[in-house]
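Input: a single structure, listed below in C-alpha cells.
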Amino acid sequence: MARYVRDIMTAAPVTVGPHTSVAQVARIMRDRDLGAVLVTDDGRLRGLVTDRDLVVRPLAEGVDPEETTVARACSEDLVTVRPDDTLDLAVRLMREHAVRRVPVIEDEHAVGVLSLGDVALERDPDSALADIAVARPHT
C-alpha cells in the first residue's frame, strides 16, 4: 500500500498561464479528459481551476469565455502537499478543507496533482468512488 503522495499522484500536471482564456482552458479539459488544470506563472503555481469553477464563476456571470482569462476563474488560496508528505496527511488536509484535488509542489513548482479518486483507488480499489474515478465519461 502506498504511503506517500509521490506514490499515487498524477505526475506532470497540465498547466496553463493566467492569461489563457476560459474557452481555451475548457477545450484543454475536454480534449484531455481533465476535471482540473493548474495555473502557473513563470513556472510557479498560482492557482487551480476546475470544470466547476468555469461554470460557477465566469460562465454564470455571463462573460465572454474567449475574452475572459482563467485568472478570473481559478482558486488561488490553495491547499498543497509535497511529494514526500504521507497520504494520511494529504487525506486529512483534503477533509479539513473540503477539497477534491490538491496540487503537489516542490519549491513552489507544480510536480503533480493528488485527487480524491487517486486516494480512493489506493485505499479501496473496489469502492464506488474508485470505480467512478477510473470510468471514462460517456459522450
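In the C-alpha cells, chains take the letters A, B, ... in the order shown, each chain's residues start at 1, and ligands count up from 1 in the order shown.
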
Could you give me, as a tab-separated table, every region 93-117 of chain A residue with an atom at most 8 Å from region 28-46 of chain A, plus its closest atom pair and distance in Å to one decimal, counting only C-alpha atoms, rows ordered by chain then number?
residue	atom	partner	partner_atom	distance
A:Pro103	CA	A:Leu38	CA	7.7
A:Ile105	CA	A:Leu45	CA	7.9
A:Glu108	CA	A:Arg44	CA	5.5
A:His109	CA	A:Arg44	CA	4.9
A:Ala110	CA	A:Leu45	CA	5.9

* Glu61 (chain A): which residues within 12 Å, counting only C-alpha atoms, same-chain residues fewer than 6 positions away excluded, as a list of chain:residue names? ->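 Near neighbours after the sequence-gap exclusion: A:Asp53, A:Leu54, A:Val55, A:Thr68, A:Arg72, A:Ala73.
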
Could you turn the residues from that selection into a file that holds C-alpha atoms, as a PDB file, in the first residue's frame?
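The result, written out as again_32.pdb:
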ATOM      1  CA  ASP A  53     -15.029  26.767 -11.368  1.00  0.00           C
ATOM      2  CA  LEU A  54     -15.503  27.676 -15.037  1.00  0.00           C
ATOM      3  CA  VAL A  55     -19.256  27.188 -14.760  1.00  0.00           C
ATOM      4  CA  THR A  68     -12.001  36.235 -20.051  1.00  0.00           C
ATOM      5  CA  ARG A  72     -10.780  35.227 -13.116  1.00  0.00           C
ATOM      6  CA  ALA A  73     -11.944  31.645 -12.579  1.00  0.00           C
TER       7      ALA A  73
END

* Could you check which of A:Thr15, A:Thr50, A:Ser75, A:Thr20 is closest to Ser115 (chain A), using only C-alpha atoms? =>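 Closest to Ser115 (chain A), using only C-alpha atoms: A:Thr50.
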
* For Thr80 (chain A), please output as a list in words all residues within 9 Å (counting only C-alpha atoms; exclusion window: fewer than 2 positions along the same chain). =>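 Answer for this query is Leu78, Arg82, Ala90, Leu93, Val102, Pro103, Val104 and Ile105 of chain A.
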
Please, could you write that set of residues out with C-alpha atoms as an mmCIF file, in the first residue's frame?
data_model
loop_
_atom_site.group_PDB
_atom_site.id
_atom_site.type_symbol
_atom_site.label_atom_id
_atom_site.label_comp_id
_atom_site.auth_asym_id
_atom_site.auth_seq_id
_atom_site.Cartn_x
_atom_site.Cartn_y
_atom_site.Cartn_z
ATOM 1 C CA LEU A 78 -4.710 26.585 -2.379
ATOM 2 C CA ARG A 82 4.648 17.807 -1.151
ATOM 3 C CA ALA A 90 -2.954 14.618 2.404
ATOM 4 C CA LEU A 93 -5.932 18.227 4.577
ATOM 5 C CA VAL A 102 -4.557 19.202 -4.183
ATOM 6 C CA PRO A 103 -1.564 20.368 -6.182
ATOM 7 C CA VAL A 104 1.702 18.674 -5.315
ATOM 8 C CA ILE A 105 4.555 21.164 -5.179
#

* Asked: What is the CA of Arg100 (chain A) to CA of Leu116 (chain A) distance in Å?
  ->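 Distance between the two atoms: 5.1 Å.
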
* Contact residues around Ser21 (chain A) with only C-alpha atoms at 8 Å, ignoring same-chain residues under 2 positions, as a list in words -> His19, Ala23, Gln24, Val25, Pro65, Glu66, Glu67, Thr68, Thr69 and Val70 of chain A

Can you write just those residues out, N, CA and C atoms, as an mmCIF file, in the first residue's frame?
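As a result, selection.cif now contains:
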data_model
loop_
_atom_site.group_PDB
_atom_site.id
_atom_site.type_symbol
_atom_site.label_atom_id
_atom_site.label_comp_id
_atom_site.auth_asym_id
_atom_site.auth_seq_id
_atom_site.Cartn_x
_atom_site.Cartn_y
_atom_site.Cartn_z
ATOM 1 N N HIS A 19 -3.125 34.105 -18.232
ATOM 2 C CA HIS A 19 -3.767 34.889 -19.287
ATOM 3 C C HIS A 19 -4.444 34.017 -20.340
ATOM 4 N N ALA A 23 -12.235 29.850 -22.421
ATOM 5 C CA ALA A 23 -12.639 28.950 -23.504
ATOM 6 C C ALA A 23 -11.512 27.978 -23.848
ATOM 7 N N GLN A 24 -10.286 28.475 -23.918
ATOM 8 C CA GLN A 24 -9.158 27.599 -24.226
ATOM 9 C C GLN A 24 -8.965 26.557 -23.121
ATOM 10 N N VAL A 25 -9.099 26.954 -21.874
ATOM 11 C CA VAL A 25 -8.973 26.014 -20.761
ATOM 12 C C VAL A 25 -10.059 24.946 -20.855
ATOM 13 N N PRO A 65 -16.305 33.900 -22.747
ATOM 14 C CA PRO A 65 -15.245 32.961 -22.379
ATOM 15 C C PRO A 65 -13.994 33.078 -23.248
ATOM 16 N N GLU A 66 -14.117 33.647 -24.430
ATOM 17 C CA GLU A 66 -12.938 33.846 -25.285
ATOM 18 C C GLU A 66 -12.119 35.042 -24.817
ATOM 19 N N GLU A 67 -12.781 35.982 -24.150
ATOM 20 C CA GLU A 67 -12.106 37.220 -23.727
ATOM 21 C C GLU A 67 -11.731 37.228 -22.247
ATOM 22 N N THR A 68 -12.238 36.283 -21.494
ATOM 23 C CA THR A 68 -12.001 36.235 -20.051
ATOM 24 C C THR A 68 -10.859 35.278 -19.758
ATOM 25 N N THR A 69 -9.933 35.709 -18.917
ATOM 26 C CA THR A 69 -8.787 34.857 -18.597
ATOM 27 C C THR A 69 -9.101 33.912 -17.448
ATOM 28 N N VAL A 70 -8.340 32.850 -17.410
ATOM 29 C CA VAL A 70 -8.522 31.838 -16.365
ATOM 30 C C VAL A 70 -8.209 32.418 -14.983
#

* Smallest atom-to-atom distance to Arg3 (chain A): which of A:Leu87, A:Leu121, A:Val113, A:Val99, using only C-alpha atoms? ->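 Result for the nearest residue to Arg3 (chain A): A:Leu87.
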
* Asked: Which neighbours of Asp84 (chain A) fall inside 7 Å, counting only C-alpha atoms, when residues of the same chain fewer than 4 positions from it are skipped, and could you give them as a list of chain:residue names?
  ->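 Returned residues: A:Tyr4, A:Val5, A:Arg6.
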
For N, CA, C and O atoms, I'd like the residues from the last selection saved as a PDB file, in the first residue's frame.
ATOM      1  N   TYR A   4       3.066   7.450   0.544  1.00  0.00           N
ATOM      2  CA  TYR A   4       3.425   8.833   0.282  1.00  0.00           C
ATOM      3  C   TYR A   4       2.681   9.363  -0.946  1.00  0.00           C
ATOM      4  O   TYR A   4       2.324   8.606  -1.849  1.00  0.00           O
ATOM      5  N   VAL A   5       2.513  10.669  -0.968  1.00  0.00           N
ATOM      6  CA  VAL A   5       1.828  11.326  -2.073  1.00  0.00           C
ATOM      7  C   VAL A   5       2.484  10.954  -3.400  1.00  0.00           C
ATOM      8  O   VAL A   5       1.802  10.643  -4.378  1.00  0.00           O
ATOM      9  N   ARG A   6       3.796  10.949  -3.455  1.00  0.00           N
ATOM     10  CA  ARG A   6       4.508  10.669  -4.715  1.00  0.00           C
ATOM     11  C   ARG A   6       4.148   9.305  -5.297  1.00  0.00           C
ATOM     12  O   ARG A   6       4.255   9.097  -6.498  1.00  0.00           O
TER      13      ARG A   6
END

* Could you pull out the residues in region 59-107 of chain A that DSSP calls alpha helix (DSSP H) from the backbone, as a list of chain:residue names? => A:Leu87, A:Asp88, A:Leu89, A:Ala90, A:Val91, A:Arg92, A:Leu93, A:Met94, A:Arg95, A:Glu96, A:His97

* To do: Could you please write out, as a ChimeraX atom specification, every residue of region 15-86 of chain A that DSSP assigns to strand (DSSP E or B)?
  => /A:15-16,21,36-41,44-50,69,75,81,86

* Nearest to Ala11 (chain A) among A:Val111, A:Val119, A:Ala98, A:Leu89, with distances taken over only C-alpha atoms: which residue is it? ->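 Once distances to Ala11 (chain A) are computed over only C-alpha atoms, the minimum belongs to A:Val111.
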